[in-house]
$ cat query01.cif   # mmCIF, C-alpha atoms and all ligand atoms
data_input
loop_
_atom_site.label_atom_id
_atom_site.label_comp_id
_atom_site.auth_asym_id
_atom_site.auth_seq_id
_atom_site.Cartn_x
_atom_site.Cartn_y
_atom_site.Cartn_z
CA MET T 1 -289.18 -19.92 -43.12
CA SER T 2 -290.91 -16.73 -41.98
CA LYS T 3 -292.81 -16.77 -38.68
CA PRO T 4 -296.58 -17.39 -38.87
CA ILE T 5 -298.90 -14.40 -38.60
CA LEU T 6 -300.97 -15.25 -35.57
CA PRO T 7 -304.50 -14.33 -34.42
CA GLY T 8 -304.58 -10.76 -33.18
CA ALA T 9 -302.69 -9.61 -36.29
CA THR T 10 -304.34 -7.53 -39.03
CA LEU T 11 -305.01 -8.95 -42.49
CA GLY T 12 -305.36 -6.61 -45.48
CA VAL T 13 -307.63 -7.46 -48.41
CA LEU T 14 -307.47 -5.73 -51.77
CA GLY T 15 -311.01 -5.76 -53.11
CA SER T 16 -314.24 -5.48 -51.18
CA GLY T 17 -316.82 -7.88 -52.64
CA GLN T 18 -318.41 -11.06 -51.32
CA LEU T 19 -315.19 -13.06 -51.42
CA GLY T 20 -313.55 -10.54 -49.13
CA ARG T 21 -316.63 -10.57 -46.92
CA MET T 22 -316.47 -14.32 -46.40
CA PHE T 23 -312.69 -14.14 -45.93
CA ALA T 24 -313.23 -11.45 -43.27
CA ILE T 25 -315.86 -13.55 -41.51
CA ALA T 26 -313.48 -16.53 -41.41
CA ALA T 27 -310.58 -14.34 -40.26
CA ARG T 28 -312.52 -12.55 -37.53
CA ARG T 29 -313.83 -15.86 -36.25
CA MET T 30 -310.21 -16.83 -35.71
CA GLY T 31 -309.43 -13.57 -33.88
CA TYR T 32 -307.76 -11.60 -36.68
CA ARG T 33 -308.52 -8.02 -37.56
CA VAL T 34 -309.34 -7.25 -41.20
CA HIS T 35 -308.81 -4.10 -43.27
CA THR T 36 -310.18 -3.80 -46.81
CA PHE T 37 -309.05 -1.49 -49.61
CA SER T 38 -311.10 -0.69 -52.73
CA PRO T 39 -312.52 2.33 -54.55
CA ASP T 40 -315.97 1.79 -52.99
CA ARG T 41 -317.70 2.57 -49.68
CA GLU T 42 -320.15 0.53 -47.60
CA THR T 43 -318.98 -2.60 -49.35
CA PRO T 44 -319.78 -6.29 -48.70
CA THR T 45 -316.30 -6.67 -47.15
CA GLY T 46 -316.27 -3.28 -45.46
CA GLN T 47 -319.51 -4.06 -43.62
CA VAL T 48 -317.81 -6.88 -41.71
CA ALA T 49 -314.21 -5.61 -41.63
CA ASP T 50 -312.55 -3.62 -38.87
CA LYS T 51 -311.61 -0.89 -41.31
CA GLU T 52 -312.69 0.05 -44.82
CA VAL T 53 -310.30 2.20 -46.84
CA TYR T 54 -311.66 3.64 -50.07
CA SER T 55 -309.33 4.90 -52.71
CA ASP T 56 -308.30 4.05 -56.24
CA TYR T 57 -306.08 0.97 -56.51
CA LEU T 58 -303.47 3.16 -58.17
CA ASP T 59 -303.45 5.74 -55.37
CA LEU T 60 -300.08 4.50 -54.18
CA ASP T 61 -299.91 6.89 -51.21
CA ALA T 62 -303.19 5.51 -49.87
CA LEU T 63 -301.98 2.01 -50.57
CA ARG T 64 -298.70 2.58 -48.72
CA SER T 65 -300.51 3.82 -45.64
CA PHE T 66 -302.90 0.82 -45.87
CA ALA T 67 -299.91 -1.53 -46.13
CA THR T 68 -298.19 -0.10 -43.07
CA GLU T 69 -301.25 -0.90 -40.91
CA VAL T 70 -301.53 -4.60 -41.81
CA ASP T 71 -299.37 -7.70 -41.35
CA VAL T 72 -300.09 -9.36 -44.70
CA ILE T 73 -302.06 -8.49 -47.83
CA THR T 74 -304.21 -10.80 -49.94
CA PHE T 75 -306.77 -10.34 -52.70
CA GLU T 76 -310.39 -11.10 -53.25
CA PHE T 77 -310.38 -9.61 -56.75
CA GLU T 78 -307.69 -10.23 -59.36
CA ASN T 79 -308.20 -7.14 -61.45
CA VAL T 80 -306.17 -5.02 -59.06
CA ALA T 81 -303.30 -3.42 -60.99
CA PHE T 82 -300.00 -5.23 -60.66
CA GLU T 83 -298.33 -1.93 -59.67
CA ALA T 84 -300.55 -1.81 -56.58
CA ALA T 85 -299.40 -5.27 -55.47
CA ALA T 86 -295.78 -4.41 -56.18
CA CYS T 87 -296.06 -1.19 -54.16
CA ALA T 88 -297.68 -2.97 -51.20
CA ALA T 89 -295.03 -5.71 -51.29
CA GLU T 90 -292.39 -3.15 -50.30
CA TYR T 91 -294.03 -2.99 -46.86
CA VAL T 92 -295.65 -6.35 -46.11
CA PRO T 93 -295.86 -9.86 -47.59
CA VAL T 94 -298.40 -9.97 -50.44
CA ARG T 95 -299.88 -13.47 -50.82
CA PRO T 96 -300.33 -14.73 -53.46
CA ALA T 97 -297.51 -12.62 -54.92
CA GLY T 98 -298.20 -9.87 -57.43
CA GLU T 99 -296.66 -12.03 -60.18
CA VAL T 100 -299.51 -14.56 -59.77
CA LEU T 101 -302.00 -11.74 -60.15
CA HIS T 102 -300.13 -10.41 -63.17
CA THR T 103 -300.40 -13.78 -64.91
CA ALA T 104 -303.98 -14.59 -63.94
CA GLN T 105 -305.54 -11.19 -64.64
CA HIS T 106 -304.72 -11.31 -68.34
CA ARG T 107 -306.10 -14.16 -70.46
CA LEU T 108 -303.31 -14.07 -72.97
CA ARG T 109 -300.52 -14.10 -70.38
CA GLU T 110 -302.36 -16.82 -68.45
CA LYS T 111 -302.89 -19.05 -71.46
CA THR T 112 -299.35 -18.52 -72.69
CA PHE T 113 -297.96 -19.39 -69.26
CA LEU T 114 -300.13 -22.52 -69.04
CA SER T 115 -299.36 -23.83 -72.50
CA ASP T 116 -295.61 -23.05 -72.19
CA ALA T 117 -295.57 -24.97 -68.90
CA GLY T 118 -297.24 -27.95 -70.59
CA PHE T 119 -300.71 -27.66 -69.02
CA PRO T 120 -303.67 -28.52 -71.27
CA THR T 121 -305.59 -25.47 -72.50
CA THR T 122 -308.04 -24.75 -75.31
CA PRO T 123 -306.14 -23.97 -78.53
CA PHE T 124 -305.82 -20.16 -78.78
CA GLU T 125 -304.17 -17.36 -80.72
CA ARG T 126 -303.35 -13.72 -80.00
CA ILE T 127 -305.39 -11.24 -82.04
CA THR T 128 -304.65 -7.56 -82.59
CA THR T 129 -306.31 -6.90 -85.98
CA VAL T 130 -309.28 -8.18 -87.92
CA GLU T 131 -306.85 -9.70 -90.47
CA GLU T 132 -305.22 -11.73 -87.70
CA LEU T 133 -308.68 -12.74 -86.54
CA ARG T 134 -309.58 -13.95 -90.03
CA ALA T 135 -306.36 -15.98 -90.34
CA ALA T 136 -306.68 -17.46 -86.83
CA SER T 137 -310.30 -18.45 -87.43
CA GLU T 138 -309.18 -20.50 -90.42
CA ARG T 139 -306.66 -22.36 -88.26
CA LEU T 140 -308.87 -22.80 -85.17
CA GLY T 141 -312.14 -23.28 -87.07
CA LEU T 142 -315.57 -21.78 -86.36
CA PRO T 143 -317.42 -21.41 -84.10
CA ALA T 144 -314.73 -19.89 -81.89
CA VAL T 145 -314.76 -17.62 -78.87
CA LEU T 146 -313.21 -14.16 -79.07
CA LYS T 147 -312.24 -12.75 -75.67
CA THR T 148 -310.55 -9.53 -74.57
CA ALA T 149 -307.01 -10.26 -73.41
CA GLY T 150 -307.40 -8.55 -70.04
CA PHE T 151 -309.93 -7.79 -67.33
CA GLY T 152 -312.80 -10.16 -68.13
CA TYR T 153 -315.09 -12.15 -65.85
CA ASP T 154 -318.47 -13.90 -65.91
CA GLY T 155 -318.49 -14.00 -69.71
CA LYS T 156 -317.92 -10.24 -69.96
CA GLY T 157 -315.69 -9.14 -72.82
CA GLN T 158 -316.31 -12.20 -74.95
CA THR T 159 -318.35 -13.21 -77.93
CA VAL T 160 -318.91 -16.43 -79.87
CA VAL T 161 -318.11 -16.06 -83.58
CA ARG T 162 -320.13 -18.49 -85.69
CA SER T 163 -319.39 -17.47 -89.29
CA THR T 164 -316.74 -15.67 -91.32
CA GLU T 165 -319.27 -12.91 -92.04
CA ALA T 166 -319.51 -12.23 -88.30
CA LEU T 167 -315.74 -11.81 -87.75
CA GLU T 168 -315.59 -8.09 -88.37
CA SER T 169 -318.53 -7.15 -86.19
CA ALA T 170 -317.26 -9.46 -83.42
CA TRP T 171 -313.89 -7.71 -83.47
CA ARG T 172 -315.53 -4.27 -83.38
CA SER T 173 -317.92 -5.28 -80.58
CA LEU T 174 -315.03 -6.04 -78.21
CA SER T 175 -313.47 -2.58 -78.81
CA THR T 176 -310.07 -3.73 -77.60
CA GLU T 177 -306.54 -3.64 -78.95
CA GLU T 178 -305.62 -7.15 -77.91
CA ALA T 179 -307.77 -10.26 -77.77
CA VAL T 180 -307.57 -14.04 -77.70
CA LEU T 181 -309.37 -16.31 -80.12
CA GLU T 182 -310.13 -19.69 -78.59
CA ALA T 183 -311.36 -22.83 -80.30
CA PHE T 184 -314.95 -23.52 -79.23
CA VAL T 185 -315.03 -26.50 -76.88
CA ASP T 186 -318.07 -28.73 -77.23
CA PHE T 187 -317.69 -29.80 -73.61
CA GLU T 188 -319.37 -32.58 -71.67
CA CYS T 189 -319.35 -30.47 -68.51
CA GLU T 190 -317.43 -27.79 -66.66
CA VAL T 191 -315.62 -28.54 -63.41
CA SER T 192 -313.28 -26.68 -61.09
CA VAL T 193 -310.83 -27.44 -58.34
CA VAL T 194 -310.29 -24.90 -55.55
CA ALA T 195 -306.94 -25.52 -53.90
CA ALA T 196 -304.56 -23.95 -51.42
CA ARG T 197 -300.82 -23.91 -51.02
CA GLY T 198 -299.09 -22.91 -47.81
CA VAL T 199 -295.90 -20.93 -47.22
CA ASP T 200 -294.15 -24.29 -46.69
CA GLY T 201 -295.45 -25.71 -50.00
CA ALA T 202 -298.19 -27.84 -48.37
CA PHE T 203 -301.08 -28.49 -50.75
CA ALA T 204 -304.78 -29.18 -50.13
CA HIS T 205 -307.77 -29.11 -52.45
CA PHE T 206 -311.56 -29.21 -52.21
CA GLY T 207 -312.18 -31.94 -54.77
CA VAL T 208 -313.75 -31.66 -58.20
CA THR T 209 -316.86 -29.48 -58.32
CA GLU T 210 -319.29 -29.53 -61.25
CA ASN T 211 -320.37 -26.09 -62.42
CA ARG T 212 -323.43 -25.31 -64.50
CA HIS T 213 -323.72 -21.84 -65.99
CA ALA T 214 -326.67 -19.76 -67.18
CA ASN T 215 -325.93 -16.76 -69.42
CA HIS T 216 -322.18 -17.26 -68.79
CA ILE T 217 -322.67 -16.77 -65.03
CA LEU T 218 -322.26 -19.63 -62.59
CA ASP T 219 -325.71 -20.92 -61.66
CA VAL T 220 -325.24 -24.18 -59.77
CA SER T 221 -322.16 -25.88 -58.27
CA ILE T 222 -322.32 -29.47 -57.13
CA ALA T 223 -319.60 -30.47 -54.70
CA ASP T 224 -318.01 -33.75 -55.80
CA ALA T 225 -318.79 -33.97 -59.50
CA ALA T 226 -319.71 -37.46 -60.73
CA VAL T 227 -316.47 -37.91 -62.68
CA PRO T 228 -314.39 -41.08 -63.19
CA ASP T 229 -311.52 -41.63 -60.74
CA VAL T 230 -308.94 -41.19 -63.45
CA LEU T 231 -310.30 -37.74 -64.30
CA TYR T 232 -310.44 -36.79 -60.61
CA ARG T 233 -306.80 -37.75 -60.16
CA ARG T 234 -305.76 -35.91 -63.31
CA ALA T 235 -307.61 -32.75 -62.15
CA GLU T 236 -305.86 -33.03 -58.79
CA GLU T 237 -302.47 -33.48 -60.46
CA ILE T 238 -302.90 -30.55 -62.90
CA THR T 239 -304.22 -28.24 -60.17
CA ARG T 240 -301.30 -29.05 -57.89
CA GLY T 241 -298.91 -28.50 -60.80
CA VAL T 242 -300.41 -25.07 -61.52
CA LEU T 243 -300.16 -23.91 -57.89
CA GLU T 244 -296.58 -25.14 -57.72
CA ALA T 245 -295.56 -23.64 -61.07
CA LEU T 246 -296.97 -20.27 -60.01
CA GLU T 247 -295.56 -20.68 -56.46
CA VAL T 248 -298.95 -19.66 -55.09
CA VAL T 249 -299.23 -18.96 -51.40
CA GLY T 250 -302.97 -18.72 -50.84
CA VAL T 251 -306.00 -20.10 -52.63
CA LEU T 252 -306.39 -20.57 -56.37
CA CYS T 253 -309.16 -22.08 -58.44
CA VAL T 254 -308.58 -23.88 -61.74
CA GLU T 255 -311.64 -24.00 -64.00
CA TYR T 256 -311.77 -26.81 -66.55
CA PHE T 257 -313.76 -28.01 -69.51
CA VAL T 258 -314.27 -31.78 -69.63
CA THR T 259 -314.32 -32.69 -73.32
CA ARG T 260 -316.56 -35.37 -74.82
CA GLU T 261 -313.42 -37.55 -74.98
CA GLY T 262 -312.94 -37.21 -71.22
CA GLU T 263 -309.94 -34.86 -71.46
CA LEU T 264 -309.45 -31.89 -69.16
CA LEU T 265 -308.70 -28.47 -70.66
CA ILE T 266 -308.02 -25.48 -68.42
CA ASN T 267 -310.44 -22.65 -69.16
CA GLU T 268 -309.09 -20.16 -66.65
CA LEU T 269 -307.48 -19.52 -63.28
CA ALA T 270 -308.75 -17.41 -60.39
CA PRO T 271 -305.99 -16.62 -57.84
CA ARG T 272 -308.41 -16.43 -54.88
CA PRO T 273 -311.39 -18.29 -53.42
CA HIS T 274 -314.01 -18.96 -56.08
CA ASN T 275 -317.77 -18.97 -56.42
CA SER T 276 -317.64 -22.72 -57.06
CA GLY T 277 -316.07 -23.19 -53.61
CA HIS T 278 -318.78 -21.40 -51.62
CA PHE T 279 -320.25 -24.73 -50.52
CA THR T 280 -317.12 -25.25 -48.41
CA PHE T 281 -318.29 -22.53 -46.01
CA ASP T 282 -321.04 -24.81 -44.70
CA ALA T 283 -320.10 -28.25 -45.94
CA CYS T 284 -316.40 -28.75 -45.12
CA VAL T 285 -314.30 -28.98 -41.98
CA THR T 286 -312.33 -25.98 -43.30
CA SER T 287 -313.83 -23.50 -45.78
CA GLN T 288 -311.97 -22.06 -48.74
CA PHE T 289 -311.96 -18.74 -46.84
CA GLU T 290 -310.45 -20.16 -43.66
CA GLN T 291 -307.95 -21.96 -45.88
CA GLN T 292 -307.00 -18.62 -47.44
CA VAL T 293 -306.49 -17.17 -43.94
CA ARG T 294 -304.35 -20.14 -42.93
CA ALA T 295 -302.30 -20.11 -46.14
CA VAL T 296 -301.55 -16.38 -46.22
CA CYS T 297 -300.76 -16.36 -42.49
CA GLY T 298 -298.26 -19.21 -42.83
CA LEU T 299 -300.35 -21.55 -40.67
CA PRO T 300 -300.93 -25.26 -41.34
CA LEU T 301 -303.73 -25.90 -43.86
CA GLY T 302 -307.00 -27.32 -42.54
CA SER T 303 -308.85 -30.49 -43.49
CA THR T 304 -311.02 -30.20 -46.62
CA GLU T 305 -313.14 -33.18 -45.57
CA ARG T 306 -316.86 -32.96 -46.36
CA LEU T 307 -319.36 -32.81 -43.50
CA ARG T 308 -322.31 -33.62 -45.82
CA PRO T 309 -323.05 -33.85 -49.57
CA SER T 310 -323.93 -30.34 -50.78
CA ALA T 311 -324.63 -28.02 -53.67
CA MET T 312 -324.83 -24.27 -54.13
CA VAL T 313 -326.99 -21.98 -56.25
CA ASN T 314 -326.27 -18.32 -56.87
CA LEU T 315 -328.84 -15.63 -56.10
CA LEU T 316 -328.67 -12.96 -58.79
CA GLY T 317 -330.22 -9.51 -58.72
CA ASP T 318 -332.90 -10.70 -61.17
CA LEU T 319 -334.63 -12.32 -58.18
CA TRP T 320 -335.50 -8.84 -56.90
CA ALA T 321 -337.49 -7.94 -60.05
CA ASP T 322 -340.83 -8.21 -58.21
CA GLY T 323 -339.65 -6.95 -54.83
CA THR T 324 -337.71 -8.43 -51.93
CA PRO T 325 -337.42 -12.22 -52.24
CA ASP T 326 -339.29 -14.32 -49.70
CA TRP T 327 -336.36 -15.40 -47.51
CA ALA T 328 -338.56 -17.22 -45.03
CA ALA T 329 -339.92 -19.42 -47.83
CA ALA T 330 -336.41 -20.57 -48.79
CA LEU T 331 -335.59 -21.35 -45.16
CA ARG T 332 -338.56 -23.68 -44.79
CA ASP T 333 -336.17 -26.44 -45.83
CA PRO T 334 -334.09 -26.82 -42.64
CA ASP T 335 -331.12 -28.08 -44.70
CA VAL T 336 -330.78 -24.78 -46.55
CA LYS T 337 -328.18 -22.15 -45.64
CA LEU T 338 -328.74 -18.60 -46.85
CA HIS T 339 -325.87 -16.22 -47.59
CA LEU T 340 -326.49 -12.59 -48.55
CA TYR T 341 -323.68 -10.21 -49.35
CA GLY T 342 -325.15 -6.92 -48.14
CA LYS T 343 -325.21 -5.30 -51.58
CA ARG T 344 -327.54 -2.32 -51.61
CA GLU T 345 -328.58 -2.43 -55.25
CA ALA T 346 -329.96 -5.56 -56.95
CA ARG T 347 -329.08 -5.33 -60.63
CA PRO T 348 -329.84 -8.13 -63.11
CA GLY T 349 -326.90 -10.53 -63.28
CA ARG T 350 -325.34 -9.15 -60.07
CA LYS T 351 -324.33 -11.78 -57.51
CA MET T 352 -326.33 -10.84 -54.40
CA GLY T 353 -325.97 -14.04 -52.40
CA HIS T 354 -326.08 -17.81 -52.57
CA ILE T 355 -327.84 -20.79 -51.08
CA THR T 356 -326.09 -23.95 -49.99
CA ALA T 357 -328.24 -27.01 -49.49
CA PHE T 358 -327.48 -30.48 -48.21
CA GLY T 359 -328.89 -33.75 -49.52
CA ARG T 360 -328.42 -37.50 -49.90
CA ASP T 361 -325.93 -36.78 -52.69
CA GLY T 362 -324.88 -33.83 -54.84
CA GLU T 363 -327.83 -33.99 -57.25
CA ASP T 364 -330.33 -34.24 -54.40
CA ALA T 365 -328.66 -31.26 -52.71
CA ALA T 366 -328.77 -29.31 -56.00
CA ALA T 367 -332.50 -30.05 -56.36
CA ARG T 368 -333.10 -28.76 -52.84
CA ALA T 369 -331.00 -25.65 -53.44
CA ARG T 370 -332.93 -24.93 -56.66
CA ALA T 371 -336.27 -25.53 -54.96
CA ALA T 372 -335.33 -23.10 -52.19
CA ARG T 373 -334.35 -20.50 -54.78
CA ASP T 374 -337.57 -21.05 -56.73
CA SER T 375 -339.61 -20.51 -53.59
CA LEU T 376 -338.09 -17.01 -53.19
CA SER T 377 -340.12 -15.41 -55.93
CA ARG T 378 -343.35 -17.42 -55.92
P1 LIG Q 1 -314.96 -17.37 -69.06
O1 LIG Q 1 -315.35 -15.98 -68.62
O2 LIG Q 1 -313.81 -17.41 -70.01
O3 LIG Q 1 -314.80 -18.32 -67.91
O4 LIG Q 1 -316.23 -17.94 -69.86
C1 LIG Q 1 -317.50 -18.04 -69.27
C2 LIG Q 1 -318.22 -19.27 -69.80
O5 LIG Q 1 -318.34 -19.19 -71.24
C3 LIG Q 1 -317.48 -20.57 -69.55
O6 LIG Q 1 -317.70 -21.03 -68.25
C4 LIG Q 1 -318.11 -21.45 -70.63
O7 LIG Q 1 -319.40 -21.88 -70.23
C5 LIG Q 1 -318.22 -20.50 -71.81
N1 LIG Q 1 -316.99 -20.58 -72.63
C6 LIG Q 1 -315.87 -19.82 -72.48
N2 LIG Q 1 -314.91 -20.18 -73.35
C7 LIG Q 1 -315.40 -21.20 -74.09
C8 LIG Q 1 -314.88 -22.01 -75.15
N3 LIG Q 1 -313.65 -21.84 -75.65
N4 LIG Q 1 -315.68 -22.99 -75.65
C9 LIG Q 1 -316.96 -23.17 -75.16
N5 LIG Q 1 -317.50 -22.42 -74.18
C10 LIG Q 1 -316.75 -21.46 -73.63
#
$ encode --input "query01.cif" --output "structure tokens"
Amino acid sequence: MSKPILPGATLGVLGSGQLGRMFAIAARRMGYRVHTFSPDRETPTGQVADKEVYSDYLDLDALRSFATEVDVITFEFENVAFEAAACAAEYVPVRPAGEVLHTAQHRLREKTFLSDAGFPTTPFERITTVEELRAASERLGLPAVLKTAGFGYDGKGQTVVRSTEALESAWRSLSTEEAVLEAFVDFECEVSVVAARGVDGAFAHFGVTENRHANHILDVSIADAAVPDVLYRRAEEITRGVLEALEVVGVLCVEYFVTREGELLINELAPRPHNSGHFTFDACVTSQFEQQVRAVCGLPLGSTERLRPSAMVNLLGDLWADGTPDWAAALRDPDVKLHLYGKREARPGRKMGHITAFGRDGEDAAARARAARDSLSR
């Protein structure tokens, strides 16, 4: 097995958003240096990294010179072109490997991989014409969800089709050449499991988190969803299976629908730390970001044990509509932790930060997190 990459070494991150920022904070705390590469300047990651390189992901010359200055490369954003990962891999280890990115950045490839490997997914079909859409909608039934095959997140590039009359306009609205039609899942709840796999195949996960969305964007995550033991164990087993099948070295999140019958269906994969795992930063012995550092550096994984029951709420740009939110008001609850990502412009729907709160149990923590958020704009 390759030698571990030890503190003092330099870690490269492709992408420069909040996930890279929290990764960089975890890495620097452990004595690593961090370089970030993305097309943007003055980024959430760049503000806390040792070096911020800005260039297009497909500027392979810039990428090569970035790769020669770091000891390992990881991602905080999966929509980096596969060619970029492949190019970087000629110089340094890329973890998780570009193949994981290639699978997870494209819904159709991801769903095909999952269903071929026997993992439970929502029924789906590939769509390239409106005729195919019509035929698939008869097989899958309506309503159904039409999603672009590649490069989608936070409900972007998707539309719910409710009637045969709406098929044509739905297809046109996506303006894509390739899409996926998914059966609509009338789910009980949505949950996720953030997990890590080390260079040696060691596996650790952060339990089953319940996720509640608003306008397709994650709103609240409650650590330790109130799910039956059998479902918890099944989620653990599927998640481990996915990380092993993809040979992930790093962190990956599996998002699930829990059906009314208590079955788990995979909605999607994120081959990096995930918004639903932000609570781990404050509420676990090891955060998902430290775990990513450990995994990609070939170090032993840390304990995912909870310090206290917790929940997280996202802070979207909408909160800035009437001016700067009242941060002091939110911090009046001493069990509230505020995280802001340093983004200059607060646009509606943009993830600007999050609040983690502690409580007697998950629901109590969620109520406190929501109350803190509400107090921001009173
Ligand atoms: P996605 O970007 O695919 O994760 O979708 C964002 C959100 O849209 C999910 O978290 C669900 O709340 C909802 N959604 C996506 N696909 C489906 C589906 N097939 N059935 C019901 N709701 C869905």
$ residues_around --input "query01.cif" --residues "Arg272 of chain T" --least-positions-apart "2" --cutoff "8 Å" --atoms "only C-alpha atoms" --output "PyMOL selection string"
chain T and resi 75-78+250-253+270+274+292
$ write_last_selection --input "query01.cif" --atoms "C-alpha atoms" --output "mmCIF file, in the frame of the given file"
data_model
loop_
_atom_site.group_PDB
_atom_site.id
_atom_site.type_symbol
_atom_site.label_atom_id
_atom_site.label_comp_id
_atom_site.auth_asym_id
_atom_site.auth_seq_id
_atom_site.Cartn_x
_atom_site.Cartn_y
_atom_site.Cartn_z
ATOM 1 C CA PHE T 75 -306.770 -10.340 -52.700
ATOM 2 C CA GLU T 76 -310.390 -11.100 -53.250
ATOM 3 C CA PHE T 77 -310.380 -9.610 -56.750
ATOM 4 C CA GLU T 78 -307.690 -10.230 -59.360
ATOM 5 C CA GLY T 250 -302.970 -18.720 -50.840
ATOM 6 C CA VAL T 251 -306.000 -20.100 -52.630
ATOM 7 C CA LEU T 252 -306.390 -20.570 -56.370
ATOM 8 C CA CYS T 253 -309.160 -22.080 -58.440
ATOM 9 C CA ALA T 270 -308.750 -17.410 -60.390
ATOM 10 C CA HIS T 274 -314.010 -18.960 -56.080
ATOM 11 C CA GLN T 292 -307.000 -18.620 -47.440
#
$ closest_atom_pairs --input "query01.cif" --of "chain T" --to "ligand LIG 1 (chain Q)" --cutoff "10 Å" --atoms "only C-alpha atoms and all ligand atoms" --output "Markdown table"
| residue | atom | partner | partner_atom | distance |
| --- | --- | --- | --- | --- |
| T:Arg107 | CA | Q:LIG1 | O2 | 8.4 |
| T:Thr121 | CA | Q:LIG1 | N3 | 9.4 |
| T:Thr122 | CA | Q:LIG1 | N3 | 6.3 |
| T:Pro123 | CA | Q:LIG1 | N3 | 8.3 |
| T:Phe124 | CA | Q:LIG1 | N3 | 8.6 |
| T:Pro143 | CA | Q:LIG1 | N4 | 8.8 |
| T:Ala144 | CA | Q:LIG1 | N3 | 6.6 |
| T:Val145 | CA | Q:LIG1 | N3 | 5.4 |
| T:Leu146 | CA | Q:LIG1 | N3 | 8.4 |
| T:Lys147 | CA | Q:LIG1 | O2 | 7.5 |
| T:Thr148 | CA | Q:LIG1 | O2 | 9.7 |
| T:Phe151 | CA | Q:LIG1 | O1 | 9.9 |
| T:Gly152 | CA | Q:LIG1 | O1 | 6.4 |
| T:Tyr153 | CA | Q:LIG1 | O1 | 4.7 |
| T:Asp154 | CA | Q:LIG1 | O1 | 4.6 |
| T:Gly155 | CA | Q:LIG1 | O1 | 3.9 |
| T:Lys156 | CA | Q:LIG1 | O1 | 6.4 |
| T:Gly157 | CA | Q:LIG1 | O1 | 8.0 |
| T:Gln158 | CA | Q:LIG1 | O1 | 7.4 |
| T:Thr159 | CA | Q:LIG1 | C6 | 8.9 |
| T:Val160 | CA | Q:LIG1 | C7 | 8.3 |
| T:Leu181 | CA | Q:LIG1 | N3 | 8.3 |
| T:Glu182 | CA | Q:LIG1 | N3 | 5.1 |
| T:Ala183 | CA | Q:LIG1 | N3 | 5.3 |
| T:Phe184 | CA | Q:LIG1 | N4 | 3.7 |
| T:Val185 | CA | Q:LIG1 | N4 | 3.8 |
| T:Asp186 | CA | Q:LIG1 | C9 | 6.0 |
| T:Phe187 | CA | Q:LIG1 | C9 | 6.8 |
| T:Cys189 | CA | Q:LIG1 | O7 | 8.8 |
| T:Glu190 | CA | Q:LIG1 | O6 | 6.9 |
| T:Val191 | CA | Q:LIG1 | O6 | 9.2 |
| T:Asn211 | CA | Q:LIG1 | O6 | 8.2 |
| T:Arg212 | CA | Q:LIG1 | O7 | 7.8 |
| T:His213 | CA | Q:LIG1 | O7 | 6.1 |
| T:Ala214 | CA | Q:LIG1 | O7 | 8.2 |
| T:Asn215 | CA | Q:LIG1 | C2 | 8.1 |
| T:His216 | CA | Q:LIG1 | C2 | 4.6 |
| T:Ile217 | CA | Q:LIG1 | C1 | 6.8 |
| T:Leu218 | CA | Q:LIG1 | O6 | 7.4 |
| T:Glu255 | CA | Q:LIG1 | O3 | 7.6 |
| T:Tyr256 | CA | Q:LIG1 | O6 | 8.5 |
| T:Phe257 | CA | Q:LIG1 | C4 | 8.0 |
| T:Leu265 | CA | Q:LIG1 | N3 | 9.7 |
| T:Ile266 | CA | Q:LIG1 | N3 | 9.9 |
| T:Asn267 | CA | Q:LIG1 | O3 | 6.3 |
| T:Glu268 | CA | Q:LIG1 | O3 | 6.1 |
| T:Leu269 | CA | Q:LIG1 | O3 | 8.7 |
| T:Ala270 | CA | Q:LIG1 | O3 | 9.7 |
$ residues_around --input "query01.cif" --residues "Pro273 of chain T" --least-positions-apart "2" --cutoff "12 Å" --atoms "only C-alpha atoms" --output "CSV table (one decimal) with C-alpha atoms, keeping the file's coordinate frame"
chain,number,residue,atom,x,y,z
T,17,GLY,CA,-316.8,-7.9,-52.6
T,18,GLN,CA,-318.4,-11.1,-51.3
T,19,LEU,CA,-315.2,-13.1,-51.4
T,20,GLY,CA,-313.6,-10.5,-49.1
T,21,ARG,CA,-316.6,-10.6,-46.9
T,22,MET,CA,-316.5,-14.3,-46.4
T,23,PHE,CA,-312.7,-14.1,-45.9
T,74,THR,CA,-304.2,-10.8,-49.9
T,75,PHE,CA,-306.8,-10.3,-52.7
T,76,GLU,CA,-310.4,-11.1,-53.2
T,77,PHE,CA,-310.4,-9.6,-56.8
T,78,GLU,CA,-307.7,-10.2,-59.4
T,96,PRO,CA,-300.3,-14.7,-53.5
T,192,SER,CA,-313.3,-26.7,-61.1
T,193,VAL,CA,-310.8,-27.4,-58.3
T,194,VAL,CA,-310.3,-24.9,-55.6
T,195,ALA,CA,-306.9,-25.5,-53.9
T,196,ALA,CA,-304.6,-24.0,-51.4
T,205,HIS,CA,-307.8,-29.1,-52.4
T,206,PHE,CA,-311.6,-29.2,-52.2
T,250,GLY,CA,-303.0,-18.7,-50.8
T,251,VAL,CA,-306.0,-20.1,-52.6
T,252,LEU,CA,-306.4,-20.6,-56.4
T,253,CYS,CA,-309.2,-22.1,-58.4
T,254,VAL,CA,-308.6,-23.9,-61.7
T,269,LEU,CA,-307.5,-19.5,-63.3
T,270,ALA,CA,-308.8,-17.4,-60.4
T,271,PRO,CA,-306.0,-16.6,-57.8
T,275,ASN,CA,-317.8,-19.0,-56.4
T,276,SER,CA,-317.6,-22.7,-57.1
T,277,GLY,CA,-316.1,-23.2,-53.6
T,278,HIS,CA,-318.8,-21.4,-51.6
T,279,PHE,CA,-320.2,-24.7,-50.5
T,280,THR,CA,-317.1,-25.2,-48.4
T,281,PHE,CA,-318.3,-22.5,-46.0
T,287,SER,CA,-313.8,-23.5,-45.8
T,288,GLN,CA,-312.0,-22.1,-48.7
T,289,PHE,CA,-312.0,-18.7,-46.8
T,290,GLU,CA,-310.4,-20.2,-43.7
T,291,GLN,CA,-308.0,-22.0,-45.9
T,292,GLN,CA,-307.0,-18.6,-47.4
T,293,VAL,CA,-306.5,-17.2,-43.9
T,295,ALA,CA,-302.3,-20.1,-46.1
